[in-house]
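Structure first, then comments.
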Amino acid sequence: MLQLIQQRVQKSIERSLPPGKGRTELLESHDLVIHDEPEFDGATSHEVRDHFHGWVAEQLPKVVDTPATLKRILESHFEKKRELPGPEYGFGARFNLALFVDDICLESLDHMDYPVVKIMYKQWGNLSPEERNYEIASEWHDGTTDEEQEDVGWMYMSVADYVSMYDRFAWTHMALWHDEYLRPPQMIDYFYDETMQPGFWRS
């Protein structure tokens, strides 16, 4: 799966440049931070989000020189009195979205033309340990209701869309999440064909 993601980055760079105008440094600057320690085996989206919150908190001080700089950047993006989801909200996709891979994603390598990963929205919020012990509604891969519009904080994304998805989030307001969101197992490409949605082979 990691090889496929890296290949998509390389192909996207090659296609976006005129022939003979290679920009290999763009590929070298693609920094995919990987966490594949044993403790993540079987981790839920909530546990992955917990870890992501901690990682972002560690990284933010590294991308600004002083707290005053962070404050100025935030004020340039938002109204001063507006309630913010978190200080990283205005820092683009890297600090607001994370990818994670579970069994269905790994199985998709064998069952789908374009394998899938899960893309998670950090600002969805955290649930308490008690709140996380819920029964998933039938026909859905997460969530407690039968409502198609319920936001469960993550969705499936084709590996083929990795670069374009992050590119859209990098240049637009993070509210784009709500425009792009489809409750899993729905996906844009397979919205009208349930037989091709992630996990169809388990039926």
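Letters for chains follow the order of the structure tokens (A, B, ...), residue numbers begin at 1 for each chain, and ligand numbers begin at 1 in the order shown.
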- Please return as number ranges by chain: the residues of range 35-188 of chain A that backbone DSSP assigns to alpha helix (DSSP H). A: 45-63, 67-77, 103-111, 162-171, 176-180
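Between CA of Thr44 in chain A and CA of His141 in chain A there is a distance of 11.9 Å.
The smallest atom-to-atom distance between Glu131 in chain A and any of A:Ala68, A:His46, A:Ser12, A:Lys118, using only C-alpha atoms, is found for A:His46.
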- Query: With only C-alpha atoms as the basis for distance, which of A:Tyr134, A:Tyr190, A:Trp124, A:Trp154 is at the shortest distance from Ser45 in chain A?
  - Reply: A:Trp154
- Item | For Ile34 in chain A: contacts at 12 Å, only C-alpha atoms, fewer than 5 positions along chain excluded, given as a ChimeraX atom specification | /A:1-2,40,52,55,98-101
Generate the output file for the selected residues, N, CA and C atoms, as a PDB file, in the first residue's frame.
```pdb
ATOM      1  N   MET A   1       0.825  -1.195   0.000  1.00  0.00           N
ATOM      2  CA  MET A   1       0.000   0.000   0.000  1.00  0.00           C
ATOM      3  C   MET A   1       0.868   1.258   0.000  1.00  0.00           C
ATOM      4  N   LEU A   2       1.935   1.229   0.791  1.00  0.00           N
ATOM      5  CA  LEU A   2       2.843   2.382   0.846  1.00  0.00           C
ATOM      6  C   LEU A   2       3.524   2.597  -0.499  1.00  0.00           C
ATOM      7  N   PHE A  40      -0.608  -0.527  17.094  1.00  0.00           N
ATOM      8  CA  PHE A  40      -1.647  -0.020  16.201  1.00  0.00           C
ATOM      9  C   PHE A  40      -2.440  -1.149  15.536  1.00  0.00           C
ATOM     10  N   PHE A  52      -3.018  10.861  16.545  1.00  0.00           N
ATOM     11  CA  PHE A  52      -2.810  11.974  15.628  1.00  0.00           C
ATOM     12  C   PHE A  52      -2.849  13.312  16.369  1.00  0.00           C
ATOM     13  N   TRP A  55       0.501  13.722  17.942  1.00  0.00           N
ATOM     14  CA  TRP A  55       1.550  14.001  16.952  1.00  0.00           C
ATOM     15  C   TRP A  55       1.472  15.452  16.480  1.00  0.00           C
ATOM     16  N   ALA A  98      -5.406  12.482   8.406  1.00  0.00           N
ATOM     17  CA  ALA A  98      -4.473  11.362   8.532  1.00  0.00           C
ATOM     18  C   ALA A  98      -5.026  10.174   7.761  1.00  0.00           C
ATOM     19  N   LEU A  99      -4.135   9.355   7.263  1.00  0.00           N
ATOM     20  CA  LEU A  99      -4.529   8.121   6.598  1.00  0.00           C
ATOM     21  C   LEU A  99      -4.321   6.951   7.549  1.00  0.00           C
ATOM     22  N   PHE A 100      -5.217   5.980   7.499  1.00  0.00           N
ATOM     23  CA  PHE A 100      -4.935   4.742   8.210  1.00  0.00           C
ATOM     24  C   PHE A 100      -5.475   3.563   7.426  1.00  0.00           C
ATOM     25  N   VAL A 101      -4.873   2.422   7.684  1.00  0.00           N
ATOM     26  CA  VAL A 101      -5.145   1.210   6.906  1.00  0.00           C
ATOM     27  C   VAL A 101      -5.548   0.102   7.867  1.00  0.00           C
TER      28      VAL A 101
END
```
- Closest to Lys122 in chain A among A:Asp189, A:Ala93, A:Leu60, A:Arg49, using only C-alpha atoms? A:Arg49
- Task: Could you give me the residues within range 23-191 of chain A that DSSP places in strand (DSSP E or B), as an MDAnalysis selection string?
- Result: chainID A and resid 97:100 116:121 154:158
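Residue nearest Asp151 in chain A, chosen from A:Asn133, A:Ser108, A:Thr69, A:Gln123 and counting only C-alpha atoms: A:Gln123.
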- Take CA of Lys11 in chain A and CA of Tyr166 in chain A and report the distance between them in Å, one decimal.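 Straight-line distance from CA of Lys11 in chain A to CA of Tyr166 in chain A works out to 15.0 Å.
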- Message: Residues near Gly143 in chain A, anyone? I mean within 12 Å using only C-alpha atoms, not counting same-chain ones fewer than 2 positions away, as an NGL selection string.
- Response: :A and (45-46 or 131-141 or 145-155 or 183-185)
Write a file of the selected residues as a JSON list (two decimals), in the first residue's frame, keeping N, CA and C atoms.
```json
[["chain", "number", "residue", "atom", "x", "y", "z"],
["A", 45, "SER", "N", -10.62, 3.90, 14.69],
["A", 45, "SER", "CA", -10.41, 5.27, 14.21],
["A", 45, "SER", "C", -10.25, 6.23, 15.37],
["A", 46, "HIS", "N", -10.91, 5.95, 16.48],
["A", 46, "HIS", "CA", -10.81, 6.83, 17.65],
["A", 46, "HIS", "C", -9.40, 6.78, 18.25],
["A", 131, "GLU", "N", -18.29, 6.47, 25.28],
["A", 131, "GLU", "CA", -19.00, 6.80, 24.05],
["A", 131, "GLU", "C", -18.54, 5.96, 22.86],
["A", 132, "ARG", "N", -17.33, 5.43, 22.95],
["A", 132, "ARG", "CA", -16.78, 4.66, 21.83],
["A", 132, "ARG", "C", -17.34, 3.24, 21.77],
["A", 133, "ASN", "N", -17.95, 2.80, 22.81],
["A", 133, "ASN", "CA", -18.48, 1.44, 22.86],
["A", 133, "ASN", "C", -19.90, 1.42, 22.30],
["A", 134, "TYR", "N", -20.02, 1.63, 21.00],
["A", 134, "TYR", "CA", -21.35, 1.68, 20.39],
["A", 134, "TYR", "C", -21.50, 0.59, 19.34],
["A", 135, "GLU", "N", -22.74, 0.28, 19.06],
["A", 135, "GLU", "CA", -23.05, -0.72, 18.04],
["A", 135, "GLU", "C", -23.19, -0.03, 16.70],
["A", 136, "ILE", "N", -22.45, -0.50, 15.71],
["A", 136, "ILE", "CA", -22.48, 0.12, 14.39],
["A", 136, "ILE", "C", -23.77, -0.25, 13.67],
["A", 137, "ALA", "N", -24.40, 0.76, 13.10],
["A", 137, "ALA", "CA", -25.66, 0.56, 12.39],
["A", 137, "ALA", "C", -25.45, -0.39, 11.21],
["A", 138, "SER", "N", -26.42, -1.21, 10.96],
["A", 138, "SER", "CA", -26.32, -2.17, 9.86],
["A", 138, "SER", "C", -26.18, -1.46, 8.53],
["A", 139, "GLU", "N", -25.47, -2.10, 7.61],
["A", 139, "GLU", "CA", -25.22, -1.61, 6.26],
["A", 139, "GLU", "C", -24.17, -0.51, 6.19],
["A", 140, "TRP", "N", -23.68, -0.06, 7.35],
["A", 140, "TRP", "CA", -22.65, 0.98, 7.36],
["A", 140, "TRP", "C", -21.39, 0.42, 8.01],
["A", 141, "HIS", "N", -20.28, 1.06, 7.78],
["A", 141, "HIS", "CA", -19.01, 0.60, 8.35],
["A", 141, "HIS", "C", -18.64, 1.33, 9.63],
["A", 145, "THR", "N", -26.33, 5.56, 13.62],
["A", 145, "THR", "CA", -27.68, 5.75, 13.08],
["A", 145, "THR", "C", -27.79, 5.12, 11.69],
["A", 146, "ASP", "N", -29.00, 5.17, 11.17],
["A", 146, "ASP", "CA", -29.23, 4.71, 9.80],
["A", 146, "ASP", "C", -29.25, 5.87, 8.83],
["A", 147, "GLU", "N", -28.84, 7.06, 9.31],
["A", 147, "GLU", "CA", -28.85, 8.25, 8.48],
["A", 147, "GLU", "C", -27.66, 8.27, 7.53],
["A", 148, "GLU", "N", -27.93, 8.43, 6.26],
["A", 148, "GLU", "CA", -26.87, 8.44, 5.26],
["A", 148, "GLU", "C", -25.89, 9.58, 5.46],
["A", 149, "GLN", "N", -26.35, 10.67, 6.05],
["A", 149, "GLN", "CA", -25.52, 11.85, 6.20],
["A", 149, "GLN", "C", -24.71, 11.86, 7.50],
["A", 150, "GLU", "N", -24.84, 10.85, 8.34],
["A", 150, "GLU", "CA", -24.08, 10.87, 9.60],
["A", 150, "GLU", "C", -22.58, 10.90, 9.30],
["A", 151, "ASP", "N", -21.90, 11.86, 9.91],
["A", 151, "ASP", "CA", -20.45, 12.00, 9.73],
["A", 151, "ASP", "C", -19.76, 11.17, 10.81],
["A", 152, "VAL", "N", -19.02, 10.16, 10.40],
["A", 152, "VAL", "CA", -18.33, 9.28, 11.35],
["A", 152, "VAL", "C", -16.87, 9.66, 11.53],
["A", 153, "GLY", "N", -16.45, 10.74, 10.87],
["A", 153, "GLY", "CA", -15.09, 11.24, 11.08],
["A", 153, "GLY", "C", -14.04, 10.68, 10.14],
["A", 154, "TRP", "N", -14.41, 9.77, 9.29],
["A", 154, "TRP", "CA", -13.48, 9.22, 8.31],
["A", 154, "TRP", "C", -14.27, 8.72, 7.10],
["A", 155, "MET", "N", -13.57, 8.52, 6.01],
["A", 155, "MET", "CA", -14.21, 7.94, 4.83],
["A", 155, "MET", "C", -13.16, 7.18, 4.03],
["A", 183, "ARG", "N", -20.53, 8.81, 3.72],
["A", 183, "ARG", "CA", -20.47, 7.85, 4.81],
["A", 183, "ARG", "C", -20.03, 6.48, 4.29],
["A", 184, "PRO", "N", -19.01, 5.89, 4.92],
["A", 184, "PRO", "CA", -18.52, 4.59, 4.46],
["A", 184, "PRO", "C", -19.57, 3.49, 4.69],
["A", 185, "PRO", "N", -19.70, 2.58, 3.69],
["A", 185, "PRO", "CA", -18.72, 2.26, 2.65],
["A", 185, "PRO", "C", -18.89, 3.04, 1.34]]
```
- Item | Nearest residue to Leu4 in chain A from the set A:Val64, A:Val117, A:Met187, A:Val33 (distances using only C-alpha atoms) |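 With only C-alpha atoms as the atom set, the closest residue is A:Val117.
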- Item | Shell around Ala160 in chain A at 9 Å using only C-alpha atoms, local window under 6 positions removed, as a ChimeraX atom specification | /A:4-5,8,114-116
- Gap from CA of Gln59 in chain A to CA of Arg94 in chain A - Å, one decimal: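 Taking CA of Gln59 in chain A and CA of Arg94 in chain A, their separation equals 10.3 Å.
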